[in-house]
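Colleague: Supplied structure: entry.txt, compact mmCIF, C-alpha atoms.
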# COMPACT_ATOMS: atom_id res chain seq x y z
CA MET A 1 105.92 31.67 167.47
CA MET A 2 109.14 33.60 168.10
CA PRO A 3 110.85 35.14 165.05
CA PRO A 4 114.06 33.52 163.76
CA GLU A 5 117.45 35.24 163.81
CA PRO A 6 117.94 37.99 161.17
CA ARG A 7 119.70 35.84 158.56
CA ALA A 8 116.80 33.37 158.63
CA ASN A 9 113.88 35.78 159.06
CA PRO A 10 111.61 36.05 156.01
CA ALA A 11 109.49 38.82 157.56
CA LEU A 12 110.18 42.52 157.91
CA PHE A 13 107.76 44.65 159.90
CA GLY A 14 107.30 48.38 159.59
CA HIS A 15 110.20 49.13 157.25
CA ASP A 16 108.75 48.75 153.76
CA HIS A 17 109.88 52.27 152.86
CA ALA A 18 113.52 51.50 153.72
CA ALA A 19 113.35 48.17 151.87
CA GLY A 20 111.79 49.92 148.88
CA SER A 21 114.60 52.49 148.84
CA LEU A 22 117.21 49.73 148.67
CA ALA A 23 115.29 47.92 145.92
CA GLU A 24 115.00 51.15 143.96
CA ALA A 25 118.73 51.84 144.29
CA ALA A 26 119.56 48.34 143.06
CA GLY A 27 117.12 48.66 140.18
CA ALA A 28 118.77 51.89 139.04
CA GLY A 29 121.84 49.86 138.03
CA ARG A 30 124.43 51.81 140.02
CA LEU A 31 124.24 50.44 143.53
CA HIS A 32 126.44 52.25 146.04
CA HIS A 33 129.09 49.97 147.54
CA ALA A 34 128.33 50.70 151.21
CA TRP A 35 125.12 51.30 153.15
CA LEU A 36 124.71 52.33 156.77
CA LEU A 37 121.44 51.12 158.29
CA ALA A 38 120.90 53.19 161.42
CA GLY A 39 118.21 52.97 164.08
CA PRO A 40 117.43 51.90 167.64
CA ARG A 41 118.72 48.59 168.91
CA GLY A 42 116.38 45.73 168.00
CA VAL A 43 114.35 47.71 165.47
CA GLY A 44 115.14 45.38 162.54
CA LYS A 45 118.37 46.68 160.99
CA ALA A 46 120.10 43.31 160.71
CA THR A 47 116.91 41.70 159.41
CA LEU A 48 116.77 44.31 156.65
CA ALA A 49 120.47 43.90 155.85
CA TYR A 50 120.18 40.14 155.39
CA ARG A 51 116.92 40.58 153.50
CA PHE A 52 118.66 42.87 151.00
CA ALA A 53 121.69 40.57 150.71
CA ARG A 54 119.41 37.57 150.14
CA TRP A 55 117.45 39.40 147.44
CA LEU A 56 120.59 40.42 145.56
CA LEU A 57 122.22 37.00 145.76
CA ALA A 58 118.99 35.28 144.70
CA ASP A 59 118.76 37.73 141.77
CA ARG A 60 115.03 38.17 142.31
CA PRO A 61 112.94 40.64 140.29
CA PRO A 62 111.09 43.47 142.06
CA GLY A 63 107.90 42.27 143.68
CA GLU A 64 104.87 43.56 145.51
CA THR A 65 106.66 43.03 148.85
CA PRO A 66 110.04 44.82 148.76
CA LEU A 67 113.10 42.53 148.77
CA PHE A 68 111.07 39.40 149.47
CA VAL A 69 112.67 35.99 148.89
CA PRO A 70 110.52 32.97 149.84
CA PRO A 71 111.97 30.62 152.48
CA THR A 72 111.78 27.80 149.95
CA ASP A 73 114.36 29.49 147.72
CA PRO A 74 117.76 27.66 147.79
CA VAL A 75 119.59 30.93 148.39
CA PHE A 76 117.37 31.67 151.39
CA ARG A 77 118.12 28.26 152.84
CA ARG A 78 121.87 28.55 152.40
CA ILE A 79 122.02 32.02 153.93
CA ALA A 80 119.85 30.92 156.85
CA ALA A 81 122.27 28.05 157.46
CA GLY A 82 125.31 30.32 157.13
CA GLY A 83 126.50 28.44 154.07
CA HIS A 84 126.45 30.91 151.16
CA ALA A 85 129.91 31.34 149.68
CA ASP A 86 129.35 34.96 148.65
CA LEU A 87 128.05 36.28 151.96
CA ARG A 88 129.89 36.85 155.20
CA GLY A 89 128.49 38.23 158.45
CA LEU A 90 130.38 39.95 161.25
CA ALA A 91 129.02 40.70 164.71
CA PRO A 92 130.52 41.53 168.11
CA ASN A 93 132.40 38.58 169.56
CA ALA A 94 131.53 37.19 172.97
CA GLY A 95 134.03 38.34 175.53
CA GLU A 96 134.53 37.32 179.15
CA LYS A 97 131.45 35.92 180.91
CA GLY A 98 129.58 35.89 177.60
CA VAL A 99 129.21 39.66 177.35
CA LYS A 100 129.47 40.81 173.75
CA LEU A 101 132.20 43.36 173.56
CA MET A 102 133.66 44.14 170.17
CA ILE A 103 134.38 43.21 166.58
CA ARG A 104 138.04 42.28 166.44
CA VAL A 105 140.40 44.04 164.06
CA ASP A 106 141.76 40.75 162.69
CA GLU A 107 138.25 39.85 161.50
CA VAL A 108 137.84 43.23 159.82
CA ARG A 109 141.15 42.81 158.00
CA GLN A 110 139.77 39.70 156.32
CA VAL A 111 136.96 41.70 154.71
CA PRO A 112 138.97 43.16 151.76
CA ARG A 113 140.28 39.74 150.81
CA PHE A 114 136.80 38.20 150.93
CA LEU A 115 135.24 40.98 148.85
CA GLY A 116 138.12 40.90 146.37
CA LEU A 117 137.55 37.24 145.46
CA THR A 118 135.56 36.35 142.37
CA ALA A 119 131.96 35.67 143.26
CA ALA A 120 131.38 31.93 143.48
CA GLU A 121 127.99 32.29 141.82
CA GLY A 122 128.84 35.07 139.42
CA GLY A 123 127.02 37.86 141.22
CA TRP A 124 127.76 39.95 144.30
CA ARG A 125 130.14 39.49 147.21
CA ILE A 126 128.47 40.88 150.34
CA VAL A 127 129.55 41.49 153.93
CA VAL A 128 126.99 42.31 156.64
CA VAL A 129 128.47 43.95 159.73
CA GLU A 130 126.11 44.12 162.70
CA GLN A 131 126.66 46.75 165.40
CA VAL A 132 129.55 48.34 163.57
CA GLU A 133 129.92 50.78 166.48
CA ALA A 134 131.38 47.81 168.43
CA MET A 135 134.62 48.28 166.47
CA ASN A 136 137.45 50.13 168.19
CA PRO A 137 139.27 52.89 166.22
CA GLU A 138 141.84 50.42 164.86
CA ALA A 139 139.14 48.13 163.48
CA GLN A 140 137.21 51.09 162.06
CA ASN A 141 140.32 52.27 160.25
CA ALA A 142 140.78 48.79 158.81
CA LEU A 143 137.19 48.91 157.53
CA LEU A 144 137.78 52.37 156.11
CA LYS A 145 140.39 51.04 153.71
CA THR A 146 137.75 48.83 152.10
CA LEU A 147 135.27 51.71 151.92
CA GLU A 148 137.87 53.88 150.19
CA GLU A 149 138.86 51.26 147.58
CA PRO A 150 135.90 48.90 147.11
CA PRO A 151 136.26 46.01 144.65
CA ALA A 152 133.79 45.73 141.82
CA ARG A 153 130.50 43.94 142.57
CA ALA A 154 131.21 44.14 146.31
CA LEU A 155 128.73 45.40 148.88
CA LEU A 156 129.06 46.35 152.55
CA LEU A 157 125.92 46.53 154.69
CA LEU A 158 126.63 48.09 158.08
CA THR A 159 124.14 48.34 160.94
CA THR A 160 124.44 50.68 163.89
CA ALA A 161 122.43 51.99 166.81
CA ALA A 162 125.05 54.67 167.47
CA PRO A 163 126.24 56.30 164.22
CA ASP A 164 127.90 59.11 166.19
CA ARG A 165 130.42 56.55 167.50
CA LEU A 166 131.70 55.87 163.98
CA LEU A 167 134.55 57.70 162.32
CA PRO A 168 133.22 60.63 160.26
CA THR A 169 135.10 59.21 157.27
CA ILE A 170 133.13 55.96 157.54
CA ARG A 171 129.82 57.79 157.70
CA SER A 172 130.72 59.97 154.73
CA ARG A 173 131.50 56.96 152.52
CA CYS A 174 128.20 55.20 153.16
CA ARG A 175 124.69 55.84 151.99
CA ARG A 176 122.56 56.05 155.10
CA ILE A 177 119.06 54.72 155.64
CA ASP A 178 117.34 55.35 158.96
CA LEU A 179 114.95 52.82 160.47
CA PHE A 180 112.38 54.25 162.85
CA PRO A 181 110.50 52.73 165.81
CA LEU A 182 107.41 50.71 165.02
CA ALA A 183 104.00 52.16 165.80
CA GLU A 184 102.45 51.01 169.06
CA PRO A 185 99.55 49.04 167.47
CA LEU A 186 102.01 47.03 165.38
CA MET A 187 104.23 46.41 168.42
CA GLN A 188 101.23 45.22 170.39
CA ARG A 189 100.19 42.85 167.61
CA LEU A 190 103.67 41.36 167.23
CA LEU A 191 104.18 40.85 170.96
CA ALA A 192 100.74 39.24 171.26
CA GLU A 193 101.79 36.81 168.51
CA TRP A 194 105.27 36.12 169.88
CA LEU A 195 104.50 36.17 173.62
CA PRO A 196 100.91 34.91 173.91
CA ASP A 197 101.45 33.56 177.45
CA LEU A 198 102.59 36.92 178.79
CA PRO A 199 99.84 39.01 180.40
CA GLU A 200 98.58 41.87 178.28
CA GLU A 201 99.72 44.42 180.86
CA ALA A 202 103.28 43.04 180.76
CA ARG A 203 103.29 43.11 176.95
CA ALA A 204 102.16 46.74 177.01
CA LEU A 205 105.02 47.57 179.40
CA LEU A 206 107.51 45.78 177.15
CA ALA A 207 106.27 47.68 174.11
CA ARG A 208 106.69 50.97 175.97
CA ILE A 209 110.18 50.43 177.36
CA ALA A 210 111.43 48.88 174.12
CA GLY A 211 110.66 52.13 172.32
CA GLY A 212 109.09 50.58 169.24
CA ALA A 213 111.91 48.06 168.70
CA PRO A 214 110.51 44.50 168.58
CA GLY A 215 113.89 42.80 168.92
CA ARG A 216 114.63 44.84 172.02
CA ALA A 217 111.25 43.90 173.47
CA LEU A 218 112.05 40.20 173.05
CA GLN A 219 115.47 40.66 174.66
CA LEU A 220 113.84 42.37 177.62
CA ALA A 221 111.23 39.63 177.89
CA GLU A 222 113.97 37.00 178.04
CA GLY A 223 116.02 39.00 180.54
CA ASP A 224 113.37 39.77 183.17
CA GLY A 225 112.87 43.20 181.67
CA VAL A 226 109.37 43.62 183.09
CA ALA A 227 110.51 42.96 186.66
CA LEU A 228 113.58 45.17 186.25
CA GLN A 229 111.49 48.03 184.89
CA GLN A 230 109.24 47.71 187.90
CA ARG A 231 112.33 47.95 190.12
CA VAL A 232 113.37 51.10 188.25
CA GLU A 233 109.98 52.70 188.75
CA ARG A 234 109.88 51.78 192.44
CA PHE A 235 113.31 53.31 192.98
CA LEU A 236 112.45 56.52 191.15
CA SER A 237 109.28 56.84 193.21
CA THR A 238 111.45 57.06 196.35
CA LEU A 239 113.45 60.04 195.10
CA PRO A 240 114.70 62.43 196.28
CA ARG A 241 115.38 60.47 199.50
CA PRO A 242 115.50 56.70 198.92
CA ASP A 243 115.76 54.36 201.88
CA PRO A 244 119.44 53.30 202.31
CA ARG A 245 118.42 49.76 203.27
CA GLY A 246 116.31 49.54 200.12
CA LEU A 247 119.27 50.67 198.03
CA HIS A 248 121.46 47.90 199.44
CA GLU A 249 118.76 45.28 198.86
CA LEU A 250 118.39 46.45 195.26
CA ALA A 251 122.16 46.47 194.71
CA ASP A 252 122.44 42.94 196.13
CA ALA A 253 119.67 41.69 193.85
CA LEU A 254 121.23 43.19 190.73
CA ALA A 255 124.72 41.92 191.54
CA ALA A 256 123.48 38.41 192.31
CA LYS A 257 123.29 37.43 188.64
CA ARG A 258 126.89 36.62 187.88
CA ASP A 259 126.75 37.22 184.14
CA GLY A 260 125.96 40.90 184.77
CA SER A 261 122.83 40.90 182.64
CA ALA A 262 120.54 42.17 185.42
CA PHE A 263 122.91 45.04 186.18
CA VAL A 264 123.30 46.04 182.53
CA THR A 265 119.56 45.89 181.81
CA PHE A 266 118.61 47.76 184.99
CA MET A 267 121.06 50.57 184.23
CA GLU A 268 119.79 50.83 180.65
CA LEU A 269 116.18 50.97 181.83
CA LEU A 270 117.04 53.48 184.53
CA ARG A 271 118.69 55.76 182.00
CA GLY A 272 115.75 55.29 179.68
CA ALA A 273 113.24 56.33 182.34
CA LEU A 274 115.41 59.25 183.41
CA GLY A 275 115.85 60.38 179.81
CA ASP A 276 112.10 60.24 179.18
CA ALA A 277 111.47 62.36 182.29
CA ILE A 278 114.10 64.92 181.25
CA ARG A 279 112.70 65.24 177.73
CA SER A 280 109.12 65.57 178.94
CA ALA A 281 110.04 68.22 181.48
CA GLY A 282 112.16 70.09 178.95
CA ARG A 283 109.20 70.30 176.57
CA GLY A 284 106.86 71.51 179.26
CA GLY A 285 105.01 68.22 179.49
CA PRO A 286 104.14 66.06 182.49
CA ALA A 287 107.14 64.83 184.47
CA PRO A 288 107.63 62.91 187.72
CA ASP A 289 107.92 64.85 190.95
CA PHE A 290 111.58 63.99 191.52
CA ILE A 291 112.65 66.04 188.47
CA ARG A 292 111.88 69.25 190.38
CA ALA A 293 114.67 68.51 192.86
CA ARG A 294 117.41 69.61 190.42
CA PRO A 295 117.89 71.72 187.29
CA LEU A 296 117.39 69.75 184.06
CA ALA A 297 121.05 70.30 183.14
CA ASP A 298 122.07 68.48 186.33
CA TRP A 299 119.77 65.56 185.49
CA ALA A 300 121.24 65.40 181.98
CA ALA A 301 124.75 65.25 183.45
CA LEU A 302 123.67 62.46 185.80
CA TRP A 303 122.15 60.55 182.86
CA ASP A 304 125.55 60.71 181.17
CA THR A 305 127.35 59.73 184.37
CA LEU A 306 125.20 56.62 184.75
CA GLY A 307 126.09 55.54 181.23
CA ARG A 308 129.82 55.91 181.83
CA LEU A 309 129.54 54.13 185.17
CA ALA A 310 127.74 51.15 183.61
CA ASP A 311 130.20 50.90 180.72
CA GLU A 312 133.29 51.13 182.92
CA THR A 313 131.90 48.60 185.39
CA GLU A 314 131.51 45.98 182.67
CA LEU A 315 134.65 46.78 180.69
CA LEU A 316 136.91 46.89 183.76
CA ASN A 317 135.09 44.12 185.68
CA LEU A 318 134.38 46.41 188.64
CA ASP A 319 132.15 45.58 191.60
CA ARG A 320 128.57 45.81 190.36
CA LYS A 321 127.04 46.28 193.79
CA GLN A 322 129.23 49.29 194.48
CA ALA A 323 128.45 50.64 191.01
CA VAL A 324 124.71 50.42 191.70
CA LEU A 325 125.08 52.10 195.09
CA SER A 326 127.27 54.83 193.63
CA GLY A 327 124.94 55.53 190.70
CA LEU A 328 121.69 55.50 192.65
CA SER A 329 123.13 57.58 195.48
CA GLN A 330 124.06 60.30 193.00
CA LEU A 331 120.43 60.54 191.93
CA ALA A 332 119.31 61.24 195.49
CA SER A 333 119.18 64.80 196.81
CA ARG A 334 122.28 66.05 198.48
Write the structure described by the file as structure tokens, please.

Modeller:
Amino acid sequence: MMPPEPRANPALFGHDHAAGSLAEAAGAGRLHHAWLLAGPRGVGKATLAYRFARWLLADRPPGETPLFVPPTDPVFRRIAAGGHADLRGLAPNAGEKGVKLMIRVDEVRQVPRFLGLTAAEGGWRIVVVEQVEAMNPEAQNALLKTLEEPPARALLLLTTAAPDRLLPTIRSRCRRIDLFPLAEPLMQRLLAEWLPDLPEEARALLARIAGGAPGRALQLAEGDGVALQQRVERFLSTLPRPDPRGLHELADALAAKRDGSAFVTFMELLRGALGDAIRSAGRGGPAPDFIRARPLADWAALWDTLGRLADETELLNLDRKQAVLSGLSQLASR
């Protein structure tokens, strides 16, 4: 059975230490007003944020399992349905063609008013902001005002996979908890439970490319991640001199999906594979043959270039086929 969305998920895997730290802070009686939950995409940050919010709003005592609230609890049910008066969630809004782009500044400006209201149930007022790095500087500055002057009994729970993209003043006003990738045996067990019809070899590949993040593994499974990773590996095996006809066939295939999801996922997986090769070579470990064609500094610059190319292509609605051809051609030997 697939796991529910974070606000309705009663289970937390691999992060008992982080959950215990939050429970301990709350039990000390002086809970900080803002927490930054940082870690890889899909590792469980939003699940932990809603788990903590649920536990506080349900006013549960400490238990053997940190921050656990049973699904039968009325507070659990209302939060799962999005109907608790003292909890608000923000996440990136869907932009053109369904691609999630950003958290709008007008939504962020509503946060101080919401937190400043008297709690409907006499406890906390809580805002969970997922992917806070999706805010532009204007929205981040609007959030900063709340962090600087928090109302009493108000709590902000921010999640991010890219804390370096936040304003330093936001980071400095939050207590940070880092969530780390899950161990491979746990990932394998979860994927076997959630994706029983997927061949074991495909599940192992998903676990590897997801980097210990179960949510990311599920996203990749839904978005043809296994096939796209295989395309990545086939392309890299042709370096330093890929076949031009093969490049055009690959670019056509990636651009064929009009919502851009194949392009975005392929570029992410390509950068992931390239980054792994660079790190391994830099540490003196095994690395693919193509890495020897250039200095590691050049590969690192190309890794960065691919990221900018992918971002600009989606933000500016550029031609995806040309973006693929441009990016892959730069990886070939000159």

Colleague: So that I can check the surroundings of region 164-167 of chain A, please list as a PDB file with C-alpha atoms, keeping the file's coordinate frame every protein, DNA and RNA residue that reaches within 10 Å of it, counting all atoms listed in the file and ignoring chain neighbours fewer than 6 positions away.

Modeller:
ATOM      1  CA  VAL A 132     129.550  48.340 163.570  1.00  0.00           C
ATOM      2  CA  GLU A 133     129.920  50.780 166.480  1.00  0.00           C
ATOM      3  CA  ALA A 134     131.380  47.810 168.430  1.00  0.00           C
ATOM      4  CA  MET A 135     134.620  48.280 166.470  1.00  0.00           C
ATOM      5  CA  ASN A 136     137.450  50.130 168.190  1.00  0.00           C
ATOM      6  CA  PRO A 137     139.270  52.890 166.220  1.00  0.00           C
ATOM      7  CA  GLN A 140     137.210  51.090 162.060  1.00  0.00           C
ATOM      8  CA  ASN A 141     140.320  52.270 160.250  1.00  0.00           C
ATOM      9  CA  LEU A 144     137.780  52.370 156.110  1.00  0.00           C
TER      10      LEU A 144
END

Colleague: So that I can check the surroundings of Ile177 (chain A), please list as a list in words every protein, DNA and RNA residue that reaches within 9 Å of it, counting only C-alpha atoms and ignoring chain neighbours fewer than 4 positions away.

Modeller: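 Listed by chain and then number, they are Ala18, Ser21, Leu22, Trp35, Leu36, Leu37, Ala38 and Gly39 of chain A.
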
Colleague: Would you place a box with edges along x, y and z of the file around all atoms of region 190-194 of chain A listed there, add 5 Å to each of its six sides, and report the centre and edge lengths in Å to one decimal, as lines of an AutoDock Vina configuration file?

Modeller:
center_x = 103.0
center_y = 38.7
center_z = 169.2
size_x = 14.5
size_y = 15.2
size_z = 14.0

Colleague: Could you list, as number ranges by chain, every residue within 12 Å of Asp311 (chain A), counting all atoms listed in the file and ignoring same-chain residues fewer than 4 positions away?

Modeller: A: 99, 101, 260, 263-265, 267-268, 304-307, 315-318, 320, 323

Colleague: Skipping near chain neighbours, those fewer than 6 positions away, what residues fall within 10 Å of Gln230 (chain A) using only C-alpha atoms, listed as a list of chain:residue names?

Modeller: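 Neighbouring residues, sequence-local ones excluded: A:Leu205, A:Leu236, A:Phe266, A:Leu269.
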
Colleague: Got a sec: who's within 12 Å of Glu149 (chain A), counting only C-alpha atoms, leaving out chain neighbours fewer than 2 positions off, as a PyMOL selection string?

Modeller: chain A and resi 33-34+112+115-116+142-147+151-152+154-155+173

Colleague: Smallest atom-to-atom distance to Leu247 (chain A): which of A:Lys321, A:Arg271, A:His84, A:Arg54, using only C-alpha atoms?

Modeller: A:Lys321

Colleague: Measuring atom to atom with all atoms listed in the file, identify which of A:His17, A:Arg41, A:His32, A:Arg294 is nearest to Leu67 (chain A).

Modeller: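 Of all the options, A:His17 lies closest to Leu67 (chain A).
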
Colleague: May I have the protein, DNA and RNA residues with any atom at most 12 Å from the point (121.2, 69.6, 184.7), counting only C-alpha atoms, written as a ChimeraX atom specification?

Modeller: /A:274-275,278-279,281-282,291-305,331

Colleague: Write a file of the selected residues as a compact mmCIF listing (two decimals), keeping the file's coordinate frame, keeping C-alpha atoms.

Modeller:
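Written output follows (result-v3.txt):
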# COMPACT_ATOMS: atom_id res chain seq x y z
CA LEU A 274 115.41 59.25 183.41
CA GLY A 275 115.85 60.38 179.81
CA ILE A 278 114.10 64.92 181.25
CA ARG A 279 112.70 65.24 177.73
CA ALA A 281 110.04 68.22 181.48
CA GLY A 282 112.16 70.09 178.95
CA ILE A 291 112.65 66.04 188.47
CA ARG A 292 111.88 69.25 190.38
CA ALA A 293 114.67 68.51 192.86
CA ARG A 294 117.41 69.61 190.42
CA PRO A 295 117.89 71.72 187.29
CA LEU A 296 117.39 69.75 184.06
CA ALA A 297 121.05 70.30 183.14
CA ASP A 298 122.07 68.48 186.33
CA TRP A 299 119.77 65.56 185.49
CA ALA A 300 121.24 65.40 181.98
CA ALA A 301 124.75 65.25 183.45
CA LEU A 302 123.67 62.46 185.80
CA TRP A 303 122.15 60.55 182.86
CA ASP A 304 125.55 60.71 181.17
CA THR A 305 127.35 59.73 184.37
CA LEU A 331 120.43 60.54 191.93

Colleague: Between A:Leu12, A:Leu90, A:Leu158, A:Leu270, which is the closest to Leu186 (chain A) once you count all atoms listed in the file?

Modeller: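 Of A:Leu12, A:Leu90, A:Leu158, A:Leu270, the one nearest Leu186 (chain A), counting all atoms listed in the file, is A:Leu12.
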
Colleague: Take region 165-187 of chain A, model N, CA and C atoms, and hand the result over as a CSV table (one decimal), keeping the file's coordinate frame.

Modeller:
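New file part_3.csv:
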chain,number,residue,atom,x,y,z
A,165,ARG,N,129.2,57.2,167.0
A,165,ARG,CA,130.4,56.6,167.5
A,165,ARG,C,131.3,56.0,166.4
A,166,LEU,N,130.9,56.3,165.1
A,166,LEU,CA,131.7,55.9,164.0
A,166,LEU,C,132.6,57.0,163.5
A,167,LEU,N,133.7,56.7,162.9
A,167,LEU,CA,134.6,57.7,162.3
A,167,LEU,C,133.8,58.5,161.3
A,168,PRO,N,133.9,59.8,161.3
A,168,PRO,CA,133.2,60.6,160.3
A,168,PRO,C,133.5,60.2,158.8
A,169,THR,N,134.7,59.7,158.6
A,169,THR,CA,135.1,59.2,157.3
A,169,THR,C,134.3,57.9,156.9
A,170,ILE,N,134.0,57.1,157.8
A,170,ILE,CA,133.1,56.0,157.5
A,170,ILE,C,131.7,56.4,157.2
A,171,ARG,N,131.2,57.3,158.0
A,171,ARG,CA,129.8,57.8,157.7
A,171,ARG,C,129.7,58.5,156.3
A,172,SER,N,130.8,59.2,156.0
A,172,SER,CA,130.7,60.0,154.7
A,172,SER,C,130.8,59.1,153.5
A,173,ARG,N,131.3,57.9,153.7
A,173,ARG,CA,131.5,57.0,152.5
A,173,ARG,C,130.4,56.0,152.4
A,174,CYS,N,129.4,56.1,153.2
A,174,CYS,CA,128.2,55.2,153.2
A,174,CYS,C,126.9,56.0,152.8
A,175,ARG,N,126.0,55.3,152.1
A,175,ARG,CA,124.7,55.8,152.0
A,175,ARG,C,123.9,55.4,153.2
A,176,ARG,N,123.2,56.3,153.8
A,176,ARG,CA,122.6,56.0,155.1
A,176,ARG,C,121.0,55.9,154.9
A,177,ILE,N,120.5,54.9,155.6
A,177,ILE,CA,119.1,54.7,155.6
A,177,ILE,C,118.7,54.6,157.1
A,178,ASP,N,117.8,55.4,157.6
A,178,ASP,CA,117.3,55.4,159.0
A,178,ASP,C,116.1,54.5,159.1
A,179,LEU,N,116.1,53.6,160.1
A,179,LEU,CA,115.0,52.8,160.5
A,179,LEU,C,114.4,53.4,161.8
A,180,PHE,N,113.0,53.6,161.7
A,180,PHE,CA,112.4,54.2,162.8
A,180,PHE,C,111.6,53.3,163.7
A,181,PRO,N,111.3,53.6,164.9
A,181,PRO,CA,110.5,52.7,165.8
A,181,PRO,C,109.2,52.4,165.2
A,182,LEU,N,108.7,51.2,165.5
A,182,LEU,CA,107.4,50.7,165.0
A,182,LEU,C,106.3,51.4,165.8
A,183,ALA,N,105.2,51.6,165.1
A,183,ALA,CA,104.0,52.2,165.8
A,183,ALA,C,103.5,51.2,166.9
A,184,GLU,N,102.9,51.8,167.9
A,184,GLU,CA,102.4,51.0,169.1
A,184,GLU,C,101.5,49.9,168.7
A,185,PRO,N,100.5,50.1,167.8
A,185,PRO,CA,99.6,49.0,167.5
A,185,PRO,C,100.3,47.8,166.8
A,186,LEU,N,101.3,48.1,166.0
A,186,LEU,CA,102.0,47.0,165.4
A,186,LEU,C,102.8,46.3,166.4
A,187,MET,N,103.5,47.0,167.3
A,187,MET,CA,104.2,46.4,168.4
A,187,MET,C,103.3,45.5,169.3
